[in-house]
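A.B. asks: Contents of entry39.cif (mmCIF, C-alpha atoms and all ligand atoms):
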data_input
#
loop_
_atom_site.label_atom_id
_atom_site.label_comp_id
_atom_site.auth_asym_id
_atom_site.auth_seq_id
_atom_site.Cartn_x
_atom_site.Cartn_y
_atom_site.Cartn_z
CA MET A 3 -38.72 -0.22 -61.11
CA LYS A 4 -41.37 2.23 -59.99
CA ILE A 5 -40.59 4.53 -57.10
CA GLN A 6 -42.88 6.53 -54.85
CA GLU A 7 -43.74 10.17 -55.51
CA ALA A 8 -41.69 11.33 -52.50
CA ASP A 9 -38.57 9.56 -53.82
CA ALA A 10 -39.21 10.77 -57.36
CA LYS A 11 -39.41 14.29 -55.96
CA SER A 12 -36.03 13.82 -54.28
CA LEU A 13 -34.54 13.00 -57.69
CA LEU A 14 -36.18 16.08 -59.22
CA LEU A 15 -34.86 18.25 -56.38
CA ALA A 16 -31.36 16.86 -56.88
CA GLY A 17 -31.72 17.89 -60.52
CA GLY A 18 -32.50 21.45 -59.46
CA LEU A 19 -36.23 21.39 -60.23
CA PRO A 20 -38.72 23.44 -58.20
CA VAL A 21 -40.50 21.03 -55.85
CA PRO A 22 -42.40 22.22 -52.76
CA SER A 23 -41.04 20.68 -49.57
CA TRP A 24 -42.72 17.67 -48.00
CA LYS A 25 -42.56 15.09 -45.24
CA VAL A 26 -43.52 11.43 -45.31
CA ALA A 27 -45.77 10.12 -42.51
CA ARG A 28 -46.83 6.59 -41.61
CA THR A 29 -49.33 7.22 -38.79
CA PRO A 30 -52.08 9.82 -38.21
CA ALA A 31 -49.97 11.27 -35.37
CA GLU A 32 -47.02 11.70 -37.75
CA VAL A 33 -49.36 13.29 -40.30
CA GLU A 34 -50.50 15.81 -37.71
CA ALA A 35 -46.97 16.54 -36.50
CA ALA A 36 -45.80 17.11 -40.08
CA ALA A 37 -48.82 19.30 -40.83
CA ARG A 38 -48.10 21.44 -37.77
CA THR A 39 -44.65 22.28 -39.07
CA PHE A 40 -46.16 23.49 -42.36
CA PHE A 41 -48.89 25.48 -40.59
CA ALA A 42 -46.22 27.02 -38.34
CA ALA A 43 -44.29 28.06 -41.45
CA GLY A 44 -47.35 29.94 -42.71
CA ALA A 45 -49.33 27.40 -44.76
CA GLU A 46 -53.08 27.98 -44.82
CA ARG A 47 -53.83 24.44 -45.86
CA VAL A 48 -51.82 21.26 -46.18
CA VAL A 49 -52.11 18.53 -48.78
CA ILE A 50 -52.03 14.86 -47.81
CA LYS A 51 -51.26 12.35 -50.54
CA ALA A 52 -51.31 8.57 -50.50
CA GLN A 53 -47.95 7.08 -51.48
CA VAL A 54 -48.84 4.10 -53.66
CA LEU A 55 -47.30 3.05 -56.95
CA VAL A 56 -50.41 3.65 -59.05
CA GLY A 57 -51.78 6.67 -60.88
CA GLY A 58 -55.11 8.38 -60.35
CA ARG A 59 -54.75 8.69 -56.59
CA GLY A 60 -56.64 11.98 -56.68
CA LYS A 61 -59.72 10.39 -58.27
CA ALA A 62 -59.54 7.47 -55.85
CA GLY A 63 -59.72 9.82 -52.85
CA GLY A 64 -56.05 9.50 -51.98
CA VAL A 65 -55.22 13.23 -52.28
CA LYS A 66 -56.90 15.62 -49.82
CA LEU A 67 -56.46 19.12 -48.47
CA ALA A 68 -56.96 20.07 -44.83
CA GLY A 69 -57.14 23.43 -43.08
CA SER A 70 -56.22 22.59 -39.50
CA ALA A 71 -53.98 20.22 -37.57
CA GLU A 72 -57.02 18.31 -36.24
CA GLU A 73 -58.43 17.96 -39.73
CA THR A 74 -55.11 16.65 -41.10
CA ARG A 75 -55.17 13.95 -38.44
CA GLU A 76 -58.68 12.91 -39.53
CA VAL A 77 -57.69 12.93 -43.19
CA GLY A 78 -54.53 10.98 -42.35
CA THR A 79 -56.62 8.39 -40.51
CA ARG A 80 -58.89 8.10 -43.54
CA ILE A 81 -56.14 7.79 -46.17
CA LEU A 82 -53.74 5.53 -44.25
CA GLY A 83 -55.04 2.00 -44.64
CA MET A 84 -57.22 2.97 -47.59
CA ASP A 85 -57.25 0.60 -50.56
CA ILE A 86 -56.29 2.20 -53.87
CA LYS A 87 -56.53 -0.10 -56.89
CA GLY A 88 -55.81 -3.09 -54.67
CA ILE A 89 -52.90 -1.54 -52.79
CA THR A 90 -53.08 -0.66 -49.10
CA VAL A 91 -51.85 2.85 -48.32
CA ARG A 92 -49.05 2.60 -45.74
CA LYS A 93 -47.60 6.09 -45.98
CA VAL A 94 -48.59 9.56 -47.08
CA LEU A 95 -46.83 12.67 -48.27
CA VAL A 96 -47.64 15.85 -46.34
CA GLY A 97 -46.85 19.34 -47.62
CA ALA A 98 -48.08 22.90 -47.74
CA ALA A 99 -51.00 22.99 -50.22
CA ALA A 100 -50.30 25.00 -53.33
CA GLU A 101 -52.80 27.50 -54.68
CA ILE A 102 -53.10 26.19 -58.22
CA VAL A 103 -53.76 28.66 -61.04
CA LYS A 104 -53.31 26.22 -63.92
CA GLU A 105 -52.15 22.64 -64.36
CA TYR A 106 -49.87 21.42 -67.16
CA TYR A 107 -48.38 18.07 -68.07
CA LEU A 108 -44.66 17.55 -68.66
CA GLY A 109 -43.05 14.18 -69.17
CA ALA A 110 -39.98 12.52 -70.62
CA ILE A 111 -40.08 9.00 -72.06
CA ILE A 112 -37.84 6.80 -74.14
CA ASP A 113 -39.29 6.51 -77.61
CA ARG A 114 -38.11 3.12 -78.77
CA ALA A 115 -38.99 3.76 -82.42
CA SER A 116 -36.71 6.80 -82.72
CA ARG A 117 -34.37 5.57 -79.96
CA ARG A 118 -34.46 8.97 -78.34
CA ILE A 119 -35.67 10.65 -75.23
CA VAL A 120 -38.87 12.46 -76.10
CA LEU A 121 -40.31 15.29 -74.02
CA MET A 122 -44.06 15.67 -74.04
CA ALA A 123 -46.08 18.59 -72.73
CA SER A 124 -49.70 19.54 -72.63
CA ALA A 125 -51.80 22.43 -71.39
CA GLU A 126 -54.32 19.78 -70.34
CA GLY A 127 -52.54 18.79 -67.14
CA GLY A 128 -53.77 17.19 -63.96
CA VAL A 129 -55.80 14.52 -65.74
CA GLU A 130 -54.23 11.25 -66.84
CA ILE A 131 -52.22 11.79 -70.01
CA GLU A 132 -53.53 8.55 -71.56
CA GLU A 133 -56.99 10.10 -71.38
CA VAL A 134 -55.78 13.28 -73.15
CA ALA A 135 -54.07 11.11 -75.78
CA ARG A 136 -57.38 9.36 -76.47
CA ARG A 137 -59.70 12.34 -76.33
CA ASN A 138 -57.55 15.08 -77.81
CA PRO A 139 -54.20 13.81 -79.14
CA GLY A 140 -53.46 17.21 -80.71
CA ALA A 141 -53.17 18.66 -77.21
CA ILE A 142 -49.96 16.74 -76.58
CA HIS A 143 -46.82 18.39 -77.95
CA ARG A 144 -43.50 16.62 -78.39
CA VAL A 145 -39.84 17.31 -79.02
CA SER A 146 -37.17 14.63 -79.27
CA ALA A 147 -33.67 15.12 -77.91
CA ASP A 148 -30.67 14.34 -80.03
CA PRO A 149 -28.55 11.65 -78.31
CA GLU A 150 -25.36 13.64 -78.92
CA LEU A 151 -26.57 17.19 -78.43
CA GLY A 152 -29.16 16.54 -75.77
CA LEU A 153 -32.29 18.63 -75.36
CA LEU A 154 -31.56 22.03 -76.86
CA ALA A 155 -32.89 25.25 -75.36
CA PHE A 156 -34.82 26.18 -78.49
CA GLN A 157 -36.63 22.84 -78.37
CA ALA A 158 -37.64 23.39 -74.76
CA ARG A 159 -38.81 26.91 -75.65
CA ALA A 160 -40.86 25.58 -78.57
CA LEU A 161 -42.50 23.09 -76.21
CA GLY A 162 -43.30 25.83 -73.68
CA LEU A 163 -44.71 28.08 -76.39
CA ALA A 164 -46.82 25.23 -77.77
CA ILE A 165 -48.58 24.81 -74.43
CA GLY A 166 -49.19 28.54 -74.21
CA LEU A 167 -46.51 29.64 -71.76
CA ARG A 168 -45.04 33.12 -72.16
CA ASP A 169 -42.49 35.03 -70.16
CA PRO A 170 -41.96 35.44 -67.27
CA LEU A 171 -42.87 31.73 -67.01
CA LEU A 172 -41.32 30.55 -70.25
CA SER A 173 -37.70 30.73 -69.05
CA PRO A 174 -38.43 28.77 -65.87
CA PHE A 175 -40.25 26.21 -68.03
CA VAL A 176 -37.16 25.82 -70.22
CA ALA A 177 -35.03 25.22 -67.11
CA ILE A 178 -37.55 22.66 -65.83
CA ALA A 179 -37.66 20.81 -69.16
CA GLU A 180 -33.86 20.73 -69.32
CA GLY A 181 -33.69 19.56 -65.70
CA LEU A 182 -36.23 16.81 -66.39
CA TYR A 183 -34.11 15.57 -69.27
CA GLU A 184 -31.02 15.54 -67.05
CA VAL A 185 -32.86 13.64 -64.30
CA MET A 186 -33.93 11.10 -66.91
CA LYS A 187 -30.35 10.57 -68.06
CA ALA A 188 -28.61 10.81 -64.70
CA ASN A 189 -30.74 7.99 -63.24
CA ASP A 190 -31.23 5.83 -66.34
CA ALA A 191 -34.97 6.37 -66.03
CA ASP A 192 -37.53 5.04 -68.51
CA LEU A 193 -40.01 7.72 -67.56
CA VAL A 194 -40.01 11.00 -65.65
CA GLU A 195 -43.39 12.64 -65.42
CA VAL A 196 -44.62 15.79 -63.71
CA ASN A 197 -48.41 15.96 -63.70
CA PRO A 198 -49.37 18.52 -62.74
CA LEU A 199 -46.61 20.96 -63.44
CA ALA A 200 -48.57 23.86 -62.03
CA ILE A 201 -48.61 27.61 -62.08
CA VAL A 202 -49.18 28.45 -58.43
CA ALA A 203 -50.05 31.75 -56.81
CA GLU A 204 -47.75 32.72 -53.93
CA THR A 205 -46.92 35.73 -51.85
CA THR A 206 -43.32 36.79 -51.35
CA PRO A 207 -42.13 37.58 -47.78
CA ASP A 208 -42.70 41.30 -48.46
CA GLY A 209 -46.31 40.62 -49.40
CA THR A 210 -46.08 40.82 -53.19
CA PRO A 211 -48.21 38.28 -55.08
CA THR A 212 -46.22 36.16 -57.56
CA ARG A 213 -46.75 33.23 -59.89
CA ARG A 214 -44.37 30.36 -60.18
CA LEU A 215 -44.11 26.99 -61.94
CA VAL A 216 -43.72 24.06 -59.53
CA CYS A 217 -43.70 20.28 -59.78
CA LEU A 218 -46.71 19.19 -57.71
CA ASP A 219 -46.56 15.53 -58.59
CA ALA A 220 -43.71 13.31 -59.76
CA LYS A 221 -43.55 9.88 -61.27
CA VAL A 222 -40.27 8.17 -62.10
CA THR A 223 -39.75 4.68 -63.49
CA LEU A 224 -36.17 3.43 -63.44
CA ASP A 225 -34.71 1.06 -66.00
CA ASP A 226 -34.13 -2.22 -64.13
CA SER A 227 -31.14 -2.96 -66.33
CA GLY A 228 -29.58 0.38 -65.41
CA LEU A 229 -29.89 -0.14 -61.66
CA SER A 230 -26.51 -1.83 -61.29
CA ARG A 231 -24.97 1.50 -62.29
CA HIS A 232 -26.86 3.32 -59.50
CA PRO A 233 -26.54 1.24 -56.33
CA ALA A 234 -28.04 4.06 -54.25
CA LEU A 235 -31.30 3.89 -56.21
CA GLU A 236 -31.82 0.28 -55.18
CA ALA A 237 -32.70 1.63 -51.72
CA LEU A 238 -35.75 3.33 -53.25
CA ARG A 239 -37.35 0.00 -54.12
CA ASP A 240 -40.60 -0.15 -52.17
CA LEU A 241 -40.70 -3.64 -50.70
CA ASP A 242 -44.16 -2.92 -49.25
CA GLU A 243 -45.54 -3.02 -52.75
CA GLU A 244 -43.36 -5.59 -54.42
CA ASP A 245 -45.08 -8.84 -55.29
CA PRO A 246 -43.43 -11.53 -53.09
CA THR A 247 -43.01 -13.76 -56.15
CA ASP A 248 -41.14 -11.00 -58.00
CA ALA A 249 -38.95 -10.40 -54.95
CA GLN A 250 -38.04 -14.09 -54.71
CA ALA A 251 -37.29 -14.28 -58.44
CA ARG A 252 -35.02 -11.26 -58.13
CA ARG A 253 -33.14 -12.83 -55.19
CA LEU A 254 -32.62 -16.01 -57.20
CA GLY A 255 -31.55 -14.14 -60.32
CA ILE A 256 -34.40 -15.67 -62.32
CA ASN A 257 -36.36 -13.80 -64.98
CA PHE A 258 -39.94 -14.59 -64.10
CA ILE A 259 -43.11 -13.09 -65.50
CA HIS A 260 -46.41 -14.37 -64.27
CA LEU A 261 -49.09 -15.07 -66.91
CA ASP A 262 -52.66 -16.39 -66.88
CA GLY A 263 -52.36 -19.96 -68.17
CA THR A 264 -52.03 -23.37 -66.52
CA ILE A 265 -48.72 -24.74 -67.81
CA GLY A 266 -45.69 -23.76 -65.74
CA CYS A 267 -42.56 -23.42 -67.88
CA MET A 268 -38.96 -23.67 -66.71
CA VAL A 269 -36.49 -22.82 -69.43
CA ASN A 270 -32.94 -21.51 -69.78
CA GLY A 271 -32.48 -18.54 -72.09
CA ALA A 272 -35.02 -15.87 -72.96
CA GLY A 273 -35.28 -16.89 -76.62
CA LEU A 274 -35.85 -20.54 -75.78
CA ALA A 275 -38.40 -19.50 -73.15
CA MET A 276 -40.34 -17.55 -75.80
CA THR A 277 -40.15 -20.46 -78.24
CA THR A 278 -41.36 -22.83 -75.55
CA MET A 279 -44.33 -20.59 -74.83
CA ASP A 280 -45.12 -20.40 -78.55
CA LEU A 281 -45.12 -24.18 -78.81
CA VAL A 282 -47.31 -24.57 -75.73
CA LYS A 283 -49.81 -22.26 -77.44
CA HIS A 284 -49.36 -24.07 -80.75
CA TYR A 285 -50.44 -27.34 -79.13
CA GLY A 286 -53.49 -25.69 -77.56
CA GLY A 287 -52.21 -24.90 -74.07
CA GLU A 288 -51.69 -21.68 -72.15
CA PRO A 289 -48.38 -20.88 -70.42
CA ALA A 290 -48.64 -19.86 -66.77
CA ASN A 291 -45.38 -17.93 -66.87
CA PHE A 292 -42.27 -16.90 -68.68
CA LEU A 293 -39.31 -18.23 -66.71
CA ASP A 294 -35.66 -18.04 -67.68
CA VAL A 295 -33.36 -19.60 -65.10
CA GLY A 296 -30.40 -18.00 -66.86
CA GLY A 297 -27.10 -19.51 -67.93
CA GLY A 298 -25.22 -21.94 -65.71
CA ALA A 299 -28.18 -22.46 -63.35
CA ARG A 300 -27.29 -24.54 -60.28
CA ARG A 301 -29.62 -26.91 -58.51
CA GLU A 302 -30.59 -24.28 -55.89
CA THR A 303 -31.83 -22.04 -58.72
CA VAL A 304 -33.78 -24.93 -60.22
CA ARG A 305 -35.37 -25.68 -56.85
CA GLY A 306 -36.25 -22.02 -56.39
CA ALA A 307 -37.72 -21.83 -59.88
CA MET A 308 -39.88 -24.86 -59.15
CA GLU A 309 -41.16 -23.18 -55.99
CA LEU A 310 -42.10 -20.09 -57.99
CA ILE A 311 -43.98 -22.21 -60.52
CA LEU A 312 -45.79 -24.29 -57.89
CA GLY A 313 -46.68 -21.15 -55.96
CA ASP A 314 -49.19 -20.41 -58.71
CA THR A 315 -52.25 -22.48 -57.82
CA LYS A 316 -53.50 -22.40 -61.42
CA VAL A 317 -50.52 -24.46 -62.59
CA ASN A 318 -51.66 -28.03 -63.34
CA ALA A 319 -48.75 -29.17 -65.53
CA ILE A 320 -45.08 -28.27 -65.80
CA LEU A 321 -42.81 -28.22 -68.82
CA VAL A 322 -39.05 -28.12 -68.25
CA ASN A 323 -37.02 -27.32 -71.33
CA ILE A 324 -33.27 -27.03 -70.91
CA PHE A 325 -30.69 -26.61 -73.60
CA GLY A 326 -27.44 -27.32 -71.82
CA GLY A 327 -24.50 -25.14 -72.82
CA ILE A 328 -22.90 -23.59 -69.79
CA THR A 329 -25.84 -25.05 -67.91
CA ARG A 330 -25.23 -28.70 -67.09
CA GLY A 331 -28.14 -31.04 -67.71
CA ASP A 332 -27.30 -33.32 -64.77
CA GLU A 333 -27.20 -30.35 -62.41
CA VAL A 334 -30.70 -29.35 -63.53
CA ALA A 335 -31.93 -32.94 -63.23
CA ALA A 336 -30.54 -33.13 -59.69
CA GLY A 337 -32.31 -29.86 -58.86
CA LEU A 338 -35.60 -31.21 -60.20
CA ILE A 339 -35.26 -34.38 -58.17
CA GLU A 340 -34.54 -32.39 -55.00
CA ALA A 341 -37.43 -30.05 -55.72
CA ARG A 342 -39.85 -32.94 -56.17
CA ALA A 343 -38.75 -34.49 -52.89
CA GLN A 344 -39.66 -31.25 -51.11
CA GLN A 345 -42.69 -29.97 -52.97
CA LEU A 346 -46.02 -29.74 -51.23
CA ARG A 347 -48.28 -30.51 -54.13
CA GLU A 348 -48.09 -33.05 -56.91
CA VAL A 349 -48.19 -31.65 -60.43
CA PRO A 350 -47.46 -33.71 -63.55
CA MET A 351 -44.26 -32.69 -65.29
CA VAL A 352 -42.47 -33.30 -68.59
CA VAL A 353 -38.75 -32.75 -68.81
CA ARG A 354 -36.63 -32.24 -71.89
CA ILE A 355 -32.92 -31.79 -71.33
CA VAL A 356 -30.48 -31.73 -74.24
CA GLY A 357 -26.88 -30.51 -74.63
CA THR A 358 -24.19 -30.62 -71.97
CA ASN A 359 -24.40 -33.78 -69.82
CA ALA A 360 -27.77 -34.75 -71.32
CA THR A 361 -26.92 -38.45 -71.00
CA GLU A 362 -26.24 -38.18 -67.27
CA ALA A 363 -29.42 -36.12 -66.92
CA ALA A 364 -31.47 -38.75 -68.76
CA ARG A 365 -30.15 -41.50 -66.48
CA LEU A 366 -30.95 -39.51 -63.31
CA LEU A 367 -34.43 -38.66 -64.55
CA MET A 368 -35.16 -42.23 -65.60
CA GLU A 369 -34.08 -43.59 -62.21
CA ALA A 370 -36.31 -41.04 -60.52
CA ARG A 371 -39.18 -41.96 -62.88
CA PHE A 372 -39.65 -38.55 -64.45
CA GLU A 373 -41.67 -38.18 -67.63
CA THR A 374 -39.20 -37.09 -70.31
CA ALA A 375 -39.23 -36.01 -73.93
CA THR A 376 -36.51 -35.79 -76.52
CA SER A 377 -37.87 -33.12 -78.85
CA LEU A 378 -39.40 -29.81 -77.88
CA ASP A 379 -42.53 -30.59 -79.90
CA GLU A 380 -43.01 -33.84 -78.02
CA ALA A 381 -42.44 -32.10 -74.69
CA ALA A 382 -44.91 -29.31 -75.42
CA GLU A 383 -47.54 -31.72 -76.73
CA LYS A 384 -47.22 -33.90 -73.64
CA ALA A 385 -47.40 -30.93 -71.27
CA VAL A 386 -50.58 -29.69 -72.93
CA ALA A 387 -52.12 -33.17 -72.72
CA LEU A 388 -51.19 -33.40 -69.00
CA SER A 389 -52.66 -29.97 -68.38
CA LYS A 390 -55.93 -31.14 -69.94
CA GLY A 391 -56.06 -34.09 -67.56
CA ALA A 392 -54.58 -36.87 -69.72
CA SER A 393 -52.30 -39.44 -68.14
CA LEU A 394 -49.32 -40.46 -70.22
P1 LIG B 1 -52.53 11.63 -58.97
O1 LIG B 1 -54.01 11.75 -59.01
O2 LIG B 1 -52.10 10.29 -58.47
O3 LIG B 1 -51.89 11.97 -60.25
O4 LIG B 1 -52.01 12.68 -57.85
P2 LIG B 1 -51.63 14.24 -57.99
O5 LIG B 1 -50.51 14.52 -57.10
O6 LIG B 1 -51.43 14.63 -59.40
O7 LIG B 1 -52.88 14.98 -57.40
C1 LIG B 1 -54.12 14.95 -58.06
C2 LIG B 1 -54.72 16.34 -58.10
O8 LIG B 1 -54.85 16.85 -56.80
C3 LIG B 1 -53.87 17.36 -58.83
O9 LIG B 1 -54.08 17.34 -60.23
C4 LIG B 1 -54.37 18.65 -58.22
O10 LIG B 1 -55.53 19.09 -58.89
C5 LIG B 1 -54.72 18.24 -56.80
N1 LIG B 1 -53.62 18.68 -55.93
C6 LIG B 1 -52.46 18.05 -55.66
N2 LIG B 1 -51.66 18.78 -54.86
C7 LIG B 1 -52.36 19.92 -54.62
C8 LIG B 1 -52.08 21.11 -53.87
O11 LIG B 1 -51.01 21.28 -53.26
N3 LIG B 1 -53.04 22.09 -53.86
C9 LIG B 1 -54.22 21.95 -54.53
N4 LIG B 1 -55.10 22.93 -54.49
N5 LIG B 1 -54.52 20.86 -55.24
C10 LIG B 1 -53.60 19.85 -55.29
MN MN B 2 -50.60 13.39 -60.94
#
Would you write out, as structure tokens, the structure that this file holds?
Ligand code: GDP
Ligand code: MN
C.D. replies:
Amino acid sequence: MKIQEADAKSLLLAGGLPVPSWKVARTPAEVEAAARTFFAAGAERVVIKAQVLVGGRGKAGGVKLAGSAEETREVGTRILGMDIKGITVRKVLVGAAAEIVKEYYLGAIIDRASRRIVLMASAEGGVEIEEVARRNPGAIHRVSADPELGLLAFQARALGLAIGLRDPLLSPFVAIAEGLYEVMKANDADLVEVNPLAIVAETTPDGTPTRRLVCLDAKVTLDDSGLSRHPALEALRDLDEEDPTDAQARRLGINFIHLDGTIGCMVNGAGLAMTTMDLVKHYGGEPANFLDVGGGARRETVRGAMELILGDTKVNAILVNIFGGITRGDEVAAGLIEARAQQLREVPMVVRIVGTNATEAARLLMEARFETATSLDEAAEKAVALSKGASL
């Protein structure tokens, strides 16, 4: 689950990282009001940043500075409602603009190969890290944390030294790297990224110029499977940006991944769903989705799954493949019959149900005149033929 920069920054703050304060605004008037508070506190300029769950907002014109309250209102008007990579901007972050001296990259990811949390840093910050990886991979430095010992101070120091930091900024960098690692673990995140981590020029209240490392941007991706352990994080899900299909699948407890093909698949079990997709491909078709209704699916789930499949206008054939264990075949058959009675468009379908209560299922399907198959090969072959316009 991706969360917005403002929420990611809250997690960083909770982990003790240096993040400049901010407000979230949803209208130009709110942008102006927020900006006024920062100007009143002594800011010379404010920064206004689109809150959308995509990277490269700066390049897309979604990050702007403004020098007066009137100007912030104009900028707010321009950014709110803007389209960034297909997403409409509904809210912005407003904060005092930092005076950036240098931008770095710092991120933590899970490296599946080594099964460890890896911290990455680069002196080439501000730009997208994928671009640095392509153009100059040597500019990205890594250390991997031991699962038992965690990220050790000497590792964080080595990372800071590698990107050219020296005291007095090296010690704060070590604290930031350690904090980032803790934020990653505390929230079961897949990714915590600060880009840019910036050296900023500031003036202390007594007028002395200083330099400080601050997190100017934040990106956090949470592990969906870890969310049940952090009920409070569920509130950070941005429903504005969630695909309605994904939201419905989540409500129904169905694993659903939309793909580009024409054959809708309804299967129970992730492994069987993969196998089914392989066989669809083997017989020359293209699956429209991965869909696992899960174990013990009831007829309501089956109906909901059918709605998800039919919601994709590219679907011109449906393959149902159920291996009844805990799931009862007759329950699925009843769900399919109910779904067909309600559905708004007619799409040819092949059903294969084996296992628990398969006989009852077969009788129900026969009475309702469903096209059935006994083997998975037969089912896949028939579905591909139907998708290509054949009538069986
Ligand atoms: P992204 O493009 O989506 O990654 O958004 P960022 O928050 O990283 O902003 C993009 C760029 O805008 C940064 O790399 C900075 O160069 C610039 N920027 C962001 N915040 C500030 C700020 O407070 N002051 C200044 N001067 N520039 C900023
Ligand atoms: Mn950034």
A.B. asks: Name all residues at most 9 Å from A:Asp262 (count all atoms listed in the file; drop same-chain ones fewer than 5 positions away) and give them as a PyMOL selection string.
C.D. replies: chain A and resi 288-291+316
A.B. asks: Sorted by chain and rising residue number, which residues of chain A lie within 8 Å of ligand MN 2 (chain B), and what are their closest atom pairs and distances in Å to one decimal, counting all atoms listed in the file, as CSV?
C.D. replies:
residue,atom,partner,partner_atom,distance
A:Gly57,CA,B:MN2,MN,6.8
A:Gly58,CA,B:MN2,MN,6.8
A:Arg59,CA,B:MN2,MN,7.6
A:Gly60,CA,B:MN2,MN,7.5
A:Gly128,CA,B:MN2,MN,5.8
A:Val129,CA,B:MN2,MN,7.2
A:Glu130,CA,B:MN2,MN,7.3
A:Val196,CA,B:MN2,MN,7.0
A:Asn197,CA,B:MN2,MN,4.4
A:Pro198,CA,B:MN2,MN,5.6
A:Leu218,CA,B:MN2,MN,7.7
A:Asp219,CA,B:MN2,MN,5.1
A:Ala220,CA,B:MN2,MN,7.0
A:Lys221,CA,B:MN2,MN,7.9
A.B. asks: Step by step, gather every atom of ligand LIG 1 (chain B) that the file lists, find the box along x, y and z that holds them, add 5 Å on each side, and finally give centre and edge lengths in Å to one decimal, as JSON.
C.D. replies:
{"center_x": -53.0, "center_y": 16.6, "center_z": -56.8, "size_x": 15.0, "size_y": 22.6, "size_z": 17.0}
A.B. asks: Which residues, written as a PyMOL selection string, have at least one atom at most 8 Å from A:Val194, with all atoms listed in the file counted and residues fewer than 4 positions away on the same chain left out?
C.D. replies: chain A and resi 109-111+182+185-186+220-223
A.B. asks: Extract, using all atoms listed in the file, all DNA, RNA and protein residues at most 8 Å from stretch 116-123 of chain A, discarding same-chain residues fewer than 2 positions from it, and format them as a list in words.
C.D. replies: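 Within the cut-off, the hits are Tyr106, Tyr107, Leu108, Gly109, Ala110, Ile111, Ile112, Asp113, Arg114, Ala125, Ile142, His143, Arg144, Val145, Ser146, Ala147, Asp148, Pro149, Leu161, Gly162, Ile165, Ala179 and Tyr183 of chain A.
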A.B. asks: Give as a short mmCIF file (atom, residue, chain, number, x, y, z; two decimals) with C-alpha atoms, in the frame of the given file each residue that has an atom at most 7 Å from (-36.4, -25.5, -60.6) in the file, counting only C-alpha atoms.
C.D. replies:
data_model
loop_
_atom_site.label_atom_id
_atom_site.label_comp_id
_atom_site.auth_asym_id
_atom_site.auth_seq_id
_atom_site.Cartn_x
_atom_site.Cartn_y
_atom_site.Cartn_z
CA MET A 268 -38.96 -23.67 -66.71
CA THR A 303 -31.83 -22.04 -58.72
CA VAL A 304 -33.78 -24.93 -60.22
CA ARG A 305 -35.37 -25.68 -56.85
CA GLY A 306 -36.25 -22.02 -56.39
CA ALA A 307 -37.72 -21.83 -59.88
CA MET A 308 -39.88 -24.86 -59.15
CA GLY A 337 -32.31 -29.86 -58.86
CA LEU A 338 -35.60 -31.21 -60.20
CA ALA A 341 -37.43 -30.05 -55.72
#
A.B. asks: Quote the spacing between atom CA of A:Arg365 and atom CA of A:Asp332 in Å to one decimal place.
C.D. replies: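 So the answer is 8.8 Å.
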A.B. asks: Figure out the distance between atom CA of A:Gly181 and atom CA of A:Ala36, please, to one decimal in Å.
C.D. replies: 28.4 Å
A.B. asks: To one decimal in Å, tell me the separation between atom CA of A:Asn257 and atom CA of A:Phe292.
C.D. replies: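 Here the two named atoms are 7.6 Å from each other.
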A.B. asks: Taking the point (-50.8, -33.2, -64.4) as given in the file, collect each protein or nucleic acid residue that comes within 12 Å of it, counting all atoms listed in the file, and present the set as a short mmCIF file (atom, residue, chain, number, x, y, z; two decimals) with C-alpha atoms, keeping the file's coordinate frame.
C.D. replies:
data_model
loop_
_atom_site.label_atom_id
_atom_site.label_comp_id
_atom_site.auth_asym_id
_atom_site.auth_seq_id
_atom_site.Cartn_x
_atom_site.Cartn_y
_atom_site.Cartn_z
CA THR A 264 -52.03 -23.37 -66.52
CA ILE A 265 -48.72 -24.74 -67.81
CA GLY A 266 -45.69 -23.76 -65.74
CA LYS A 316 -53.50 -22.40 -61.42
CA VAL A 317 -50.52 -24.46 -62.59
CA ASN A 318 -51.66 -28.03 -63.34
CA ALA A 319 -48.75 -29.17 -65.53
CA ILE A 320 -45.08 -28.27 -65.80
CA LEU A 321 -42.81 -28.22 -68.82
CA ARG A 347 -48.28 -30.51 -54.13
CA GLU A 348 -48.09 -33.05 -56.91
CA VAL A 349 -48.19 -31.65 -60.43
CA PRO A 350 -47.46 -33.71 -63.55
CA MET A 351 -44.26 -32.69 -65.29
CA VAL A 352 -42.47 -33.30 -68.59
CA GLU A 373 -41.67 -38.18 -67.63
CA LYS A 384 -47.22 -33.90 -73.64
CA ALA A 385 -47.40 -30.93 -71.27
CA VAL A 386 -50.58 -29.69 -72.93
CA ALA A 387 -52.12 -33.17 -72.72
CA LEU A 388 -51.19 -33.40 -69.00
CA SER A 389 -52.66 -29.97 -68.38
CA LYS A 390 -55.93 -31.14 -69.94
CA GLY A 391 -56.06 -34.09 -67.56
CA ALA A 392 -54.58 -36.87 -69.72
CA SER A 393 -52.30 -39.44 -68.14
CA LEU A 394 -49.32 -40.46 -70.22
#
A.B. asks: Between A:Asp245, A:Asp192, A:Glu101, A:Glu383, which residue has the minimum interatomic distance to ligand LIG 1 (chain B), considering only C-alpha atoms and all ligand atoms?
C.D. replies: A:Glu101
A.B. asks: Considering only C-alpha atoms, can you say which of A:Glu34, A:Arg47, A:Arg231, A:Arg92 comes closest to A:Ala71?
C.D. replies: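 The closest residue to A:Ala71 is A:Glu34.
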A.B. asks: Please list as a ChimeraX atom specification every residue within 12 Å of A:Glu236, counting all atoms listed in the file and excluding residues in the same chain fewer than 4 positions away.
C.D. replies: /A:3-5,9,189,224-232,240-241
